Every structure is written in structure tokens, then in C-alpha cells.
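A.B. asks: Structure incoming, see below.
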Amino acid sequence: MKNKDALLILSGGIDSTTMLYEYAAEIALAVSFDYGSNHNKQEIAFARLHCARLAVEHLVIPLDFVSRYFSSSLLSGADAIPDGNYDEDNMRSTVVPFRNGIMLSVACGIAESRGLRRVMMANHAGDHTVYPDCRPEFVAAMDKAMQEGTWEKLHLFAPYTNLTKTDIVRRGAAIGVDYGATWSCYKGRDKHCGVCGTCRERKEAFAEAGVPDPTDYAE
């Protein structure tokens, strides 16, 4: 078993929460970013909850400049989020330009400052067509940049890159992850809307995995 040498970027959604539990023995620090997204408040509350349950140190880093200067429906309120399937044509407006690149750069600096050796992110295969900064090529490039840009040759570890969300739900269910305490909906209202792309993807993942969906949907 590895020592606790990793920093995890933790959103509070299904994927990163599963990774938190699956790799808890290796994670020294979890970091969430408050960048002004519609659903940041809900996500961060769950991220904080799970870190408390596992006694993992948790930091929330403000990136308020993102909401001021970047263009994305994810930053523009619930009504800007399209309903429909989780695919490129429908979800492209939710891209926050180079979001993962920015977050990974900050996380890398924190990790090196803490004497850690790895940064973990929970991108998955369903993101590849919509989000350029979730693709295998991006992961490889950022891993190389981290190695070249740090004295200790930090690595980017992204073990879910080629897994589907269904795969991730199966893994999490097998180790008892409480998915009722995770957030997906990009609209960021009191309940998951049930009709936007991320809600549909969430429903499909539980159905395909054969795992009961604990989510309270508005419809």
C-alpha cells in the first residue's frame, strides 16, 4: 500500500467522491475549487461531508475570477443550462474553458508545497467528446508538464480516464459510497432537476449499473 502521497481534486460529484473512497488510503489532502458555477455550493457541501467522514483534510480554494471573465452556461445561472442528453451538441455550452488545466496547475503547486507526489483527478470516458480537458491526450500532456515543472517530478494520476460513469457507480457501490450525498445537476437548484444532461447521465449510470438511484429529482 502506498503512503498518503496524493492530492485529490474533489468536486463532490459521483466520480471524484468514488475516487476519494477508493483511494482513501493514498490521499493526504482533498481540494475543492469555488469558481462560481451554478452548482458549486451543493457540490462543495458534499465534498466537505465526505472528507469529514474519512478524516481527510479538505481545502476550498476560491477561483472567483473564473465567473467574472470566462464564458460558459455553467456560470450563467440555472436557466442557461440546456435540457436533453449528455452529448457534444447539447452540452458544449457548459464547457468552462481550460477549467481542469487551471485547477490542476493550482493543485500541483499545493501538492509540491505539501511534499506530495501526485495529483488525482476523476475525469472519465463519458467526458471525452464534450470536454477537451478531460481527454487522455490532455491528461498525458498535463502529467508531462507537472513532471517538467516541479523539482520532485510530480505526476498526474487519473485512473478513471477510460471508465464510464456506469463503471464508476459499480465500483463505488461495491465499497459502499453514499451516492445520496453527491451532486450532479448543473442547474444548482434545491433538487436535481432530472432533465438536464448531467441528471440524465446520472440516471442512466445507476440504471445501467443495476444500483438503486438515491437521488431526489424534481422531475
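Letters for chains follow the order of the C-alpha cells (A, B, ...), residue numbers begin at 1 for each chain, and ligand numbers begin at 1 in the order shown.
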Could you find all residues in chain A that DSSP calls alpha helix (DSSP H) from the backbone, and write them as a PyMOL selection string?
C.D. replies: chain A and resi 14-22+40-54+65-69+88-91+99-113+136-149+165-174+197-209
A.B. asks: Please provide as a list in words all residues within 10 Å of A:Ser71, with the sequence filter that same-chain residues fewer than 6 positions apart are discarded (counting only C-alpha atoms).
C.D. replies: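 Residues near the query, excluding close chain neighbours: Ser93, Thr94, Val95, Val96 and Pro97 of chain A.
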A.B. asks: Could you state the separation of atom CA of A:Val195 and atom CA of A:Thr182 in Å, given to one decimal place?
C.D. replies: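 That distance, rounded to one decimal, is 17.1 Å.
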A.B. asks: Can you check which residues of stretch 2-105 of chain A DSSP gives as strand (DSSP E or B) on the backbone and send them as a list in words?
C.D. replies: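 These are the residues in question: Ala6, Leu7, Leu8, Ile9, Ile27, Ala28, Leu29, Ala30, Val31, Ser32, Phe33, Asp34, Glu57, His58, Leu59, Val60, Ile61, Pro62 and Asp83 of chain A.
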A.B. asks: Find the residues near A:Gly188: any atom within 10 Å, counting only C-alpha atoms, skip ones fewer than 5 places away on the same chain, and give them as a list in words.
C.D. replies: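 Skipping anything fewer than 5 positions along the chain leaves Ser37, Asn38, His39, Asn40, Lys41, Gln42, Glu43, Leu74, Gly77, Ala78, Ile81, Trp183 and Cys193 of chain A.
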A.B. asks: Which neighbours of A:Glu204 fall inside 10 Å, counting only C-alpha atoms, when residues of the same chain fewer than 4 positions from it are skipped, and could you give them as a list in words?
C.D. replies: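 The filter keeps Lys165, Thr166, Thr198, Cys199, Arg200, Glu208, Ala209, Gly210 and Asp213 of chain A.
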A.B. asks: Using all heavy atoms, can you export the residues from the last selection as a PDB file, in the first residue's frame?
C.D. replies:
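Once everything was written out, this is selection_32.pdb:
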```pdb
ATOM      1  N   LYS A 165     -19.208   6.292 -16.555  1.00  0.00           N
ATOM      2  CA  LYS A 165     -19.820   6.619 -15.268  1.00  0.00           C
ATOM      3  C   LYS A 165     -20.507   5.390 -14.672  1.00  0.00           C
ATOM      4  O   LYS A 165     -20.529   5.211 -13.450  1.00  0.00           O
ATOM      5  CB  LYS A 165     -20.803   7.780 -15.398  1.00  0.00           C
ATOM      6  CG  LYS A 165     -21.272   8.315 -14.040  1.00  0.00           C
ATOM      7  CD  LYS A 165     -22.106   9.566 -14.181  1.00  0.00           C
ATOM      8  CE  LYS A 165     -21.301  10.789 -14.505  1.00  0.00           C
ATOM      9  NZ  LYS A 165     -20.513  11.290 -13.341  1.00  0.00           N
ATOM     10  N   THR A 166     -21.044   4.534 -15.536  1.00  0.00           N
ATOM     11  CA  THR A 166     -21.636   3.279 -15.057  1.00  0.00           C
ATOM     12  C   THR A 166     -20.591   2.426 -14.349  1.00  0.00           C
ATOM     13  O   THR A 166     -20.848   1.874 -13.268  1.00  0.00           O
ATOM     14  CB  THR A 166     -22.253   2.505 -16.232  1.00  0.00           C
ATOM     15  OG1 THR A 166     -23.277   3.296 -16.836  1.00  0.00           O
ATOM     16  CG2 THR A 166     -22.833   1.176 -15.768  1.00  0.00           C
ATOM     17  N   THR A 198     -26.538  16.315 -17.290  1.00  0.00           N
ATOM     18  CA  THR A 198     -25.851  15.629 -16.186  1.00  0.00           C
ATOM     19  C   THR A 198     -26.812  14.803 -15.350  1.00  0.00           C
ATOM     20  O   THR A 198     -26.442  13.732 -14.852  1.00  0.00           O
ATOM     21  CB  THR A 198     -25.107  16.637 -15.289  1.00  0.00           C
ATOM     22  OG1 THR A 198     -25.978  17.724 -14.960  1.00  0.00           O
ATOM     23  CG2 THR A 198     -23.880  17.165 -15.974  1.00  0.00           C
ATOM     24  N   CYS A 199     -28.041  15.270 -15.193  1.00  0.00           N
ATOM     25  CA  CYS A 199     -29.036  14.466 -14.472  1.00  0.00           C
ATOM     26  C   CYS A 199     -29.378  13.208 -15.265  1.00  0.00           C
ATOM     27  O   CYS A 199     -29.518  12.115 -14.688  1.00  0.00           O
ATOM     28  CB  CYS A 199     -30.299  15.278 -14.211  1.00  0.00           C
ATOM     29  SG  CYS A 199     -30.171  16.412 -12.803  1.00  0.00           S
ATOM     30  N   ARG A 200     -29.519  13.341 -16.569  1.00  0.00           N
ATOM     31  CA  ARG A 200     -29.819  12.166 -17.393  1.00  0.00           C
ATOM     32  C   ARG A 200     -28.672  11.168 -17.356  1.00  0.00           C
ATOM     33  O   ARG A 200     -28.896   9.957 -17.269  1.00  0.00           O
ATOM     34  CB  ARG A 200     -30.102  12.596 -18.826  1.00  0.00           C
ATOM     35  CG  ARG A 200     -31.410  13.345 -18.980  1.00  0.00           C
ATOM     36  CD  ARG A 200     -31.720  13.628 -20.431  1.00  0.00           C
ATOM     37  NE  ARG A 200     -32.991  14.320 -20.554  1.00  0.00           N
ATOM     38  CZ  ARG A 200     -33.825  14.164 -21.575  1.00  0.00           C
ATOM     39  NH1 ARG A 200     -33.535  13.319 -22.547  1.00  0.00           N
ATOM     40  NH2 ARG A 200     -34.953  14.837 -21.626  1.00  0.00           N
ATOM     41  N   GLU A 208     -27.947   1.470 -15.540  1.00  0.00           N
ATOM     42  CA  GLU A 208     -27.077   0.510 -16.232  1.00  0.00           C
ATOM     43  C   GLU A 208     -26.233  -0.300 -15.256  1.00  0.00           C
ATOM     44  O   GLU A 208     -25.904  -1.463 -15.523  1.00  0.00           O
ATOM     45  CB  GLU A 208     -26.182   1.244 -17.221  1.00  0.00           C
ATOM     46  CG  GLU A 208     -26.935   1.832 -18.408  1.00  0.00           C
ATOM     47  CD  GLU A 208     -26.061   2.698 -19.290  1.00  0.00           C
ATOM     48  OE1 GLU A 208     -24.853   2.845 -18.979  1.00  0.00           O
ATOM     49  OE2 GLU A 208     -26.585   3.240 -20.285  1.00  0.00           O
ATOM     50  N   ALA A 209     -25.881   0.313 -14.126  1.00  0.00           N
ATOM     51  CA  ALA A 209     -25.080  -0.393 -13.124  1.00  0.00           C
ATOM     52  C   ALA A 209     -25.920  -1.336 -12.276  1.00  0.00           C
ATOM     53  O   ALA A 209     -25.375  -2.172 -11.547  1.00  0.00           O
ATOM     54  CB  ALA A 209     -24.368   0.614 -12.226  1.00  0.00           C
ATOM     55  N   GLY A 210     -27.244  -1.203 -12.353  1.00  0.00           N
ATOM     56  CA  GLY A 210     -28.116  -2.024 -11.515  1.00  0.00           C
ATOM     57  C   GLY A 210     -28.054  -1.625 -10.060  1.00  0.00           C
ATOM     58  O   GLY A 210     -28.266  -2.447  -9.160  1.00  0.00           O
ATOM     59  N   ASP A 213     -30.988   4.214  -7.459  1.00  0.00           N
ATOM     60  CA  ASP A 213     -30.655   5.626  -7.537  1.00  0.00           C
ATOM     61  C   ASP A 213     -31.259   6.352  -6.337  1.00  0.00           C
ATOM     62  O   ASP A 213     -32.473   6.441  -6.204  1.00  0.00           O
ATOM     63  CB  ASP A 213     -31.200   6.219  -8.843  1.00  0.00           C
ATOM     64  CG  ASP A 213     -30.772   7.650  -9.077  1.00  0.00           C
ATOM     65  OD1 ASP A 213     -30.246   8.289  -8.148  1.00  0.00           O
ATOM     66  OD2 ASP A 213     -30.963   8.148 -10.211  1.00  0.00           O
TER      67      ASP A 213
END
```
A.B. asks: Which residues are close to A:Ala6, i.e. within 12 Å by only C-alpha atoms, leaving aside same-chain residues fewer than 3 positions away? Reply as an mmCIF file with C-alpha atoms, in the first residue's frame.
C.D. replies:
```
data_model
loop_
_atom_site.group_PDB
_atom_site.id
_atom_site.type_symbol
_atom_site.label_atom_id
_atom_site.label_comp_id
_atom_site.auth_asym_id
_atom_site.auth_seq_id
_atom_site.Cartn_x
_atom_site.Cartn_y
_atom_site.Cartn_z
ATOM 1 C CA LYS A 2 1.271 3.468 -0.905
ATOM 2 C CA ASN A 3 1.807 6.139 1.710
ATOM 3 C CA ILE A 9 -9.342 17.375 -6.756
ATOM 4 C CA MET A 19 -12.216 8.137 -6.106
ATOM 5 C CA LEU A 20 -11.964 9.637 -2.606
ATOM 6 C CA TYR A 23 -8.100 5.656 -2.833
ATOM 7 C CA ALA A 24 -8.598 6.999 0.701
ATOM 8 C CA ALA A 25 -5.506 5.190 1.949
ATOM 9 C CA GLU A 26 -3.370 7.195 -0.505
ATOM 10 C CA ILE A 27 -4.973 10.646 -0.242
ATOM 11 C CA ALA A 28 -3.412 13.173 2.129
ATOM 12 C CA LEU A 29 -5.431 16.180 1.007
ATOM 13 C CA ALA A 30 -8.598 16.899 -0.992
ATOM 14 C CA VAL A 31 -9.085 20.253 -2.687
ATOM 15 C CA VAL A 56 -9.189 13.610 5.072
ATOM 16 C CA GLU A 57 -8.034 17.215 5.183
ATOM 17 C CA ALA A 107 -3.375 21.686 -7.226
ATOM 18 C CA CYS A 108 0.124 20.850 -8.444
ATOM 19 C CA ILE A 110 -0.238 22.991 -3.444
ATOM 20 C CA ALA A 111 0.876 19.363 -3.706
ATOM 21 C CA GLU A 112 4.520 20.297 -4.182
ATOM 22 C CA ARG A 114 2.963 19.964 0.906
ATOM 23 C CA GLY A 115 5.633 17.471 -0.139
ATOM 24 C CA LEU A 116 3.141 15.274 -2.001
ATOM 25 C CA ARG A 117 3.997 13.376 -5.167
ATOM 26 C CA ARG A 118 0.741 13.002 -7.106
ATOM 27 C CA VAL A 119 -2.329 14.978 -8.100
ATOM 28 C CA MET A 120 -5.507 12.979 -8.756
ATOM 29 C CA MET A 121 -8.445 13.911 -10.963
ATOM 30 C CA LEU A 154 5.012 15.264 -9.599
ATOM 31 C CA HIS A 155 2.628 13.055 -11.531
ATOM 32 C CA LEU A 156 -0.996 13.388 -12.581
ATOM 33 C CA PHE A 157 -2.940 10.232 -11.687
ATOM 34 C CA ALA A 158 -6.283 9.850 -13.479
#
```
A.B. asks: Taking only C-alpha atoms into account, which of A:Val66, A:Ala52, A:Pro82, A:Ile61 comes nearest A:Ser32?
C.D. replies: A:Ile61
A.B. asks: Restricting the calculation to only C-alpha atoms: of A:Tyr179, A:Phe206, A:Tyr186, A:Phe138, which residue gets closest to A:Thr161?
C.D. replies: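 Distance minimum relative to A:Thr161 lands on A:Phe138.
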A.B. asks: Can you pull out the residues contacting A:Tyr160? Cut-off 8 Å, using only C-alpha atoms, and skip same-chain residues under 4 positions away; I want them as a PDB file with C-alpha atoms, in the first residue's frame.
C.D. replies:
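Done, and the output landed in out02.pdb:
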```
ATOM      1  CA  ALA A 122     -11.654  11.972 -11.668  1.00  0.00           C
ATOM      2  CA  ASN A 123     -12.318  12.580 -15.351  1.00  0.00           C
ATOM      3  CA  HIS A 124     -13.994   9.677 -17.156  1.00  0.00           C
ATOM      4  CA  ALA A 125     -14.670   8.386 -20.670  1.00  0.00           C
ATOM      5  CA  THR A 164     -17.691   5.040 -17.983  1.00  0.00           C
ATOM      6  CA  ILE A 168     -17.610   4.143 -11.607  1.00  0.00           C
TER       7      ILE A 168
END
```
A.B. asks: Identify, on the basis of only C-alpha atoms, every residue whose closest approach to A:Tyr35 does not exceed 9 Å; exclude the query and any residue fewer than 6 positions from it along the same chain; express the result as a list in words.
C.D. replies: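 So, after excluding close chain neighbours, the residues are Ile61, Pro62, Leu63, Asp64, Phe65, Val66, Ser67 and Leu75 of chain A.
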